Every structure is written in C-alpha cells, then in structure tokens.
Amino acid sequence: MEQRVLYVRLPCNPIFPIGVVYLADHIHKVFADIEQRIFDLGTIAPLDFNTALDRAVDEFQPTLLVFSWRDIQIYAPVGGRGGNPLQNAFEVYYAKNPLIRLRGALGGFKVAAAYYGELWRNFGLIRRAIARAKRYNPQAQAVVGGGAVSVFYEQMQHLLPKGTIVSVGEGETLLEKLLKQEDIVGERCYIVGETEPRDRMIHEWPTPIEKAACNYDYIQKIWSEFEYYLQEDDFYIGVQTKRGCPHNCCYCIYTVVEGKQVRINPADEVVKEMRQLYDRGIHNFWFTDAQFIPAKKYINDAIELLQKIVDSGMTDIHWAAYIRADNLTPELCDLMVKTGMNYFEIGITSGSQELVRKMRMGYNLRTVLQNCRDLKAAGFNDLVSVNYSFNVIDETFDTIRQTVAYHRELEKIFGVDKVEPAIFFIGLQPHTHLEEYAFKNDIIKPGYNPMSLMPWTAKKLLWNPEPLGSFFGEICLQAWRQNPNDFGREVMKILEERLGSVDIEEALTAPINSTSNRQLSAVS
C-alpha cells in the first residue's frame, strides 16, 4: 500500500512550526517517493477547525497521521487564553480586597475554562482525524508528539484513543521505523492501550541524526499555508543550529526532552537553510536551540557559524536567540553585532550567585556582567530580556536585594530602556529536579496530576512557596495596579523601594556549601 503522511499541527499561537517542518524534511530525505502534506491549524480560524481538518483528511487520505502539540501548561507572566493566568492566580491567592479576589476568581475561571476547552478540543480533533482517516485506510496509524506531549506523556495514555503512538522528544527515527514497518520498541514512545511508558523514558537519550539544510522548495510544495509566515516583515522564522542542552538547571525540562548530548548542525547547512528563507524575503531569524552557546566547548562552533553568515553576504538580516551570556567572548560579541543580532534573552533566574548555585545553573554572574560589557563595547544597542524567577529555592530578602543590585548593574551596561526584566514564577514541571525536591519536601505528592488547573493543585504548581509567597504576591499586585504595561520594571522598582539594594559585590559572591544545595543535589 502506498504510504501517505499527513502532519497536523494542532492549534497554537502563530509561531513558525519548525518541528513539523524538520520532520517532513527529514522523511523526504530518507523516503523521497513517499507523499507528505503539512496541515497547520495555527493558520485556521477556530470556527473552521473541524471542516478544514475533515477536508485535509478527505483530500489526502493519509496512512499515517502525525500530530504536533506545542503548548499545554499555562503558568505564564503574560496574557493568553483570554486573560493573564499569573495575575488571576495572584489576585485570588494574595489580594486583600474581596472585590479584587472576586475579579481574580472570575478571570481564573475564564482561563481555566479556556484551558480545559483547548485540551478537549485538541483531543477531539485528534480523534476526529483518526476516525476519518480510517474510512479510507482502516490500518491508518497515528503519532502524537511535540513539546506539550513530551512533558506530559505519562498523562496522555489516559486521554488518547487506543492504538495512538505517543512520541517523546525527537521523532525522526520513530517515523522512519514506522514507515519501514520496523519494531519501534526501542524508541522513546509507547502505544496507548497496548504498551506502557517505560520508567523514566523521557530521560533516555535521543538517537543522533545528521542534520542537513531544510529543503524549503519541497516544504513549500507540501504546505499550502507556508506563505502565511512570510507576510509580516517583523516575523521571526525559526532555524535550529543544534539540539541538546548539557546543563542541570533544577526547574528546566529541556535537558531531558532534548538530551544532554549537544549535537551541532553543520554551519554550512545552517547558512544554506537561512539563504533559502532569505531568498523568500525573510530577514529575521530566531535560533531555536535550547541555548545558542550552551557551553564554552561550543564557542568555536558559534564563531564558525556567525563568520559564515558574514561571508554569505546576508548583511541586512536580524537574529535573536536564548543565550548563556557566560559563554560570550569578545570575538563572538563582535560577530553577533556584525551579523545583526538585535534581541536576546538570558535566563539568569536570580541576581544572587548563591541562588544560582543552589538551582544548579552552572554559571558565574560576574562573568555574565563582564561579557555583557564586551557585547556593549562591540556596539550592541538593542533589547535584552532578562528572565528572573523569584522565590525558587531559599529566596530571602538579602537575595532579593542582590537581584535588584544585579539588575541595576545590567541597566548601567545596556541602558535602562534596553534591559527588560521578565518576571516569572516557575511552573513546576514533571521530570525535573525541582519536582523531586518538591516530593522530598512534601510540597506535592507522587501521583499528582501536573495537567490539573484546580486551585488546590495550581497553587502548588505555580511555584511561589511561603514564607515569601505572600510578599511576592503583594508586590506583583501592586505592580499590576501601578504600571501593568511595564510590569517587570515596576516589580524591580517596588522591590528596591521596599527592601533597598546592596553593593554589587555581595550579589557576585556566594558560599560554596549550603544545606539546601546538598538537599537538591541529593534528589538527582
């Protein structure tokens, strides 16, 4: 029977679906004769989801359906799903005014209703497409994967139709084996109702593959909505330069989903891929790696890539990425500016070296500052987003003062208007060291449902424990009240007014040993 693969990107914010694109490109390189099509529900109006999906299945009649599900967890500091979930939660948990608490409860109800509505809508779309595909091919198979599924793969076995293959992490070798009709038992996957997910399956390392430049001539042929992402001049298109993250940050899921082994895509292939998009009018790129420069051993790879971008003649591009600023060098800084980097994010989490060590983040805040000075000296004059996650482990008023001092130092380097503090409160995720820490300290119990948005669960999963939880709740509510359009800067301002700051040297030094650090290390 002729095999036909339909990729269905489930509804999502209009973010370029790089995962689906790379999967389809890889399968085409291995099986040049197999027909494929990409159907992106992110470009479809919600009222048309069902009819558009039916039409896509009827026209293509797939033998293999591959669903990509990007987002589930909703603990975020920005608007979405009809409201700001962080603000709603804080109003319910910490507001003193009953009317504000009621407003938060109503907002939270709307967010929860939208969240559960999206869950059941997506499960319904999966069931609908599978049933429709089986009209044409009774043996049609279905794979469900993507970022959301990889995090919550254990819960999927209770929610998806029997026979659905749940894929964790990268899916290239799994799809290859399915199309070759080979045994998939060794892949990071399981079959709903037939096999059980292996214990700690997400911690198994993915199979390395050699990544060549995506063939966008082919992608454009199989994806009718491709032009949708080329319409806006300010739209950033994803390009991946590597996979994997070698770090152990206590709250992060990347390192287990992608694996600790960093796999570098050849620089020539990355530039070739960028050139194809550039020739289609794309001048803005987002390097979608977990970290653009994950460790010092990969500095030369980054230098090689950026130098080849310079040599390519694509002089009018811009790019952005998530960067570990402790791994910058003066040469890298010069190349970043020369190649058009106009935005980057650094996730320092705290401006206290003591807390950075306790969270196992593996970098030196003093080095970050010096490298930022080098970047500024190289001519970088654009926006920096600095992610702070307050109250993660052993936060105190002293460490808050240190974070304020550190942030002010970054502002001295780049300018107050160029440093945007993004205030996060960690959404506790399965399979992380923080989850194990929470088990050990009786904050949550094994067997909890990480997909639950019930108030008694959500308050624990939105990590803001006492004794400082109420303090941060009050600070954030005041910031939303006073300056909701510049929330991060307002939080920093209020913290400094309430607690003051310290000399920067206090933020940059930390004791080597601490009880909490030993406790966190013990649960790994």
# chains A, B, ... in the order shown; residues from 1 in each chain; ligands from 1
>>> residues_around(residues="segment 407-413 of chain A", least_positions_apart="6", cutoff="9 Å", atoms="only C-alpha atoms", output="PyMOL selection string")
chain A and resi 351+369+372-373+376+386+419+421+492+504
>>> residues_around(residues="segment 112-128 of chain A", least_positions_apart="6", cutoff="7 Å", atoms="only C-alpha atoms", output="VMD selection string")
chain A and resid 10 81 160 to 161 453
>>> select_by_dssp(residues="segment 308-362 of chain A", states="helix (DSSP H, G or I)", output="ChimeraX atom specification")
/A:308-312,325-327,330-338,353-358
>>> write_last_selection(atoms="C-alpha atoms", output="PDB file, in the first residue's frame")
ATOM      1  CA  LYS A 308      29.910  32.004   7.588  1.00  0.00           C
ATOM      2  CA  ILE A 309      26.812  34.188   7.871  1.00  0.00           C
ATOM      3  CA  VAL A 310      29.075  37.215   7.358  1.00  0.00           C
ATOM      4  CA  ASP A 311      30.703  35.536   4.367  1.00  0.00           C
ATOM      5  CA  SER A 312      27.299  34.646   2.885  1.00  0.00           C
ATOM      6  CA  ALA A 325      25.885  35.068  28.329  1.00  0.00           C
ATOM      7  CA  ASP A 326      28.607  33.448  30.444  1.00  0.00           C
ATOM      8  CA  ASN A 327      29.934  31.861  27.245  1.00  0.00           C
ATOM      9  CA  PRO A 330      34.983  39.484  22.580  1.00  0.00           C
ATOM     10  CA  GLU A 331      35.267  37.778  19.170  1.00  0.00           C
ATOM     11  CA  LEU A 332      31.761  36.353  19.491  1.00  0.00           C
ATOM     12  CA  CYS A 333      30.388  39.709  20.598  1.00  0.00           C
ATOM     13  CA  ASP A 334      31.849  41.397  17.517  1.00  0.00           C
ATOM     14  CA  LEU A 335      30.355  38.746  15.237  1.00  0.00           C
ATOM     15  CA  MET A 336      26.964  38.946  16.946  1.00  0.00           C
ATOM     16  CA  VAL A 337      26.755  42.657  16.274  1.00  0.00           C
ATOM     17  CA  LYS A 338      28.171  42.310  12.765  1.00  0.00           C
ATOM     18  CA  GLN A 353      25.219  33.918  42.905  1.00  0.00           C
ATOM     19  CA  GLU A 354      24.208  31.941  45.974  1.00  0.00           C
ATOM     20  CA  LEU A 355      20.796  31.082  44.492  1.00  0.00           C
ATOM     21  CA  VAL A 356      22.212  30.464  41.027  1.00  0.00           C
ATOM     22  CA  ARG A 357      24.435  27.800  42.589  1.00  0.00           C
ATOM     23  CA  LYS A 358      21.566  26.267  44.540  1.00  0.00           C
TER      24      LYS A 358
END
>>> closest_residue(among="A:Glu210, A:Glu91, A:Asp199, A:Glu395", to="Gly107 of chain A", atoms="only C-alpha atoms")
A:Glu91
>>> closest_atom_pairs(of="segment 12-123 of chain A", to="segment 213-216 of chain A", cutoff="8 Å", atoms="only C-alpha atoms", output="JSON lines")
{"residue": "A:Tyr22", "atom": "CA", "partner": "A:Cys214", "partner_atom": "CA", "distance": 6.7}
{"residue": "A:Asp25", "atom": "CA", "partner": "A:Cys214", "partner_atom": "CA", "distance": 6.0}
{"residue": "A:His26", "atom": "CA", "partner": "A:Cys214", "partner_atom": "CA", "distance": 8.0}
>>> closest_residue(among="A:Gly347, A:Gly500, A:Gly469, A:Pro246", to="Val392 of chain A", atoms="only C-alpha atoms")
A:Gly469
>>> residues_around(residues="Val143 of chain A", least_positions_apart="5", cutoff="9 Å", atoms="only C-alpha atoms", output="number ranges by chain")
A: 64-68, 164-167, 175
>>> residues_around(residues="segment 29-32 of chain A", least_positions_apart="5", cutoff="9 Å", atoms="only C-alpha atoms", output="PDB file with N, CA and C atoms, in the first residue's frame")
ATOM      1  N   ALA A  24       9.081  16.602   8.365  1.00  0.00           N
ATOM      2  CA  ALA A  24       8.707  16.336   6.980  1.00  0.00           C
ATOM      3  C   ALA A  24       9.934  16.370   6.067  1.00  0.00           C
ATOM      4  N   GLU A 176      10.771   7.019  10.802  1.00  0.00           N
ATOM      5  CA  GLU A 176      11.487   6.148   9.863  1.00  0.00           C
ATOM      6  C   GLU A 176      11.097   4.687  10.076  1.00  0.00           C
ATOM      7  N   LEU A 179       7.527   3.853   8.979  1.00  0.00           N
ATOM      8  CA  LEU A 179       7.380   3.787   7.529  1.00  0.00           C
ATOM      9  C   LEU A 179       8.076   2.566   6.938  1.00  0.00           C
ATOM     10  N   ASN A 215      14.989  21.575   3.030  1.00  0.00           N
ATOM     11  CA  ASN A 215      14.688  21.840   1.622  1.00  0.00           C
ATOM     12  C   ASN A 215      13.362  22.592   1.539  1.00  0.00           C
TER      13      ASN A 215
END
>>> closest_residue(among="A:Ser389, A:Leu462, A:Leu230, A:Thr403", to="Leu495 of chain A", atoms="only C-alpha atoms")
A:Thr403
>>> residues_around(residues="Tyr94 of chain A", least_positions_apart="6", cutoff="10 Å", atoms="only C-alpha atoms", output="VMD selection string")
chain A and resid 100 to 101 104 469 to 477
>>> closest_atom_pairs(of="segment 292-328 of chain A", to="segment 377-382 of chain A", cutoff="12 Å", atoms="only C-alpha atoms", output="tab-separated table")
residue	atom	partner	partner_atom	distance
A:His318	CA	A:Asp382	CA	11.1
A:Trp319	CA	A:Asp382	CA	11.5
A:Ala320	CA	A:Asp382	CA	10.7
A:Leu328	CA	A:Ala378	CA	11.8
>>> write_last_selection(atoms="all heavy atoms", output="PDB file, in the first residue's frame")
ATOM      1  N   HIS A 318      18.461  40.229  10.679  1.00  0.00           N
ATOM      2  CA  HIS A 318      18.477  40.329  12.136  1.00  0.00           C
ATOM      3  C   HIS A 318      18.235  38.927  12.697  1.00  0.00           C
ATOM      4  O   HIS A 318      17.581  38.102  12.069  1.00  0.00           O
ATOM      5  CB  HIS A 318      17.393  41.281  12.639  1.00  0.00           C
ATOM      6  CG  HIS A 318      17.627  42.706  12.262  1.00  0.00           C
ATOM      7  ND1 HIS A 318      18.702  43.431  12.722  1.00  0.00           N
ATOM      8  CD2 HIS A 318      16.933  43.544  11.455  1.00  0.00           C
ATOM      9  CE1 HIS A 318      18.647  44.654  12.226  1.00  0.00           C
ATOM     10  NE2 HIS A 318      17.596  44.753  11.446  1.00  0.00           N
ATOM     11  N   TRP A 319      18.770  38.694  13.877  1.00  0.00           N
ATOM     12  CA  TRP A 319      18.517  37.405  14.508  1.00  0.00           C
ATOM     13  C   TRP A 319      18.449  37.584  16.013  1.00  0.00           C
ATOM     14  O   TRP A 319      18.911  38.578  16.578  1.00  0.00           O
ATOM     15  CB  TRP A 319      19.551  36.363  14.111  1.00  0.00           C
ATOM     16  CG  TRP A 319      20.972  36.621  14.522  1.00  0.00           C
ATOM     17  CD1 TRP A 319      21.922  37.299  13.819  1.00  0.00           C
ATOM     18  CD2 TRP A 319      21.615  36.175  15.730  1.00  0.00           C
ATOM     19  NE1 TRP A 319      23.106  37.312  14.501  1.00  0.00           N
ATOM     20  CE2 TRP A 319      22.958  36.628  15.685  1.00  0.00           C
ATOM     21  CE3 TRP A 319      21.198  35.435  16.828  1.00  0.00           C
ATOM     22  CZ2 TRP A 319      23.875  36.365  16.697  1.00  0.00           C
ATOM     23  CZ3 TRP A 319      22.108  35.172  17.859  1.00  0.00           C
ATOM     24  CH2 TRP A 319      23.430  35.640  17.780  1.00  0.00           C
ATOM     25  N   ALA A 320      17.839  36.581  16.650  1.00  0.00           N
ATOM     26  CA  ALA A 320      17.674  36.590  18.102  1.00  0.00           C
ATOM     27  C   ALA A 320      17.787  35.161  18.602  1.00  0.00           C
ATOM     28  O   ALA A 320      17.651  34.200  17.844  1.00  0.00           O
ATOM     29  CB  ALA A 320      16.320  37.193  18.482  1.00  0.00           C
ATOM     30  N   LEU A 328      30.076  34.081  26.255  1.00  0.00           N
ATOM     31  CA  LEU A 328      30.465  35.030  25.219  1.00  0.00           C
ATOM     32  C   LEU A 328      31.959  35.336  25.314  1.00  0.00           C
ATOM     33  O   LEU A 328      32.562  35.270  26.376  1.00  0.00           O
ATOM     34  CB  LEU A 328      29.674  36.332  25.349  1.00  0.00           C
ATOM     35  CG  LEU A 328      28.154  36.228  25.235  1.00  0.00           C
ATOM     36  CD1 LEU A 328      27.515  37.606  25.327  1.00  0.00           C
ATOM     37  CD2 LEU A 328      27.747  35.541  23.947  1.00  0.00           C
TER      38      LEU A 328
END
>>> select_by_dssp(residues="segment 206-340 of chain A", states="strand (DSSP E or B)", output="ChimeraX atom specification")
/A:237-239,242-243,263-264,284-287,318-322
>>> residues_around(residues="segment 265-276 of chain A", least_positions_apart="3", cutoff="10 Å", atoms="only C-alpha atoms", output="PyMOL selection string")
chain A and resi 209-217+237-243+262+279-285+301-314
>>> closest_residue(among="A:Cys249, A:Ala95, A:Val168, A:Ile27", to="Arg481 of chain A", atoms="only C-alpha atoms")
A:Ala95
>>> closest_residue(among="A:Val192, A:Ile348, A:Ile293, A:Ala105", to="Phe424 of chain A", atoms="only C-alpha atoms")
A:Ile348
>>> atom_distance(atom1="atom CA of Asp58 of chain A", atom2="atom CA of Glu35 of chain A")
14.9 Å
>>> atom_distance(atom1="atom CA of Tyr218 of chain A", atom2="atom CA of Ile15 of chain A")
20.2 Å
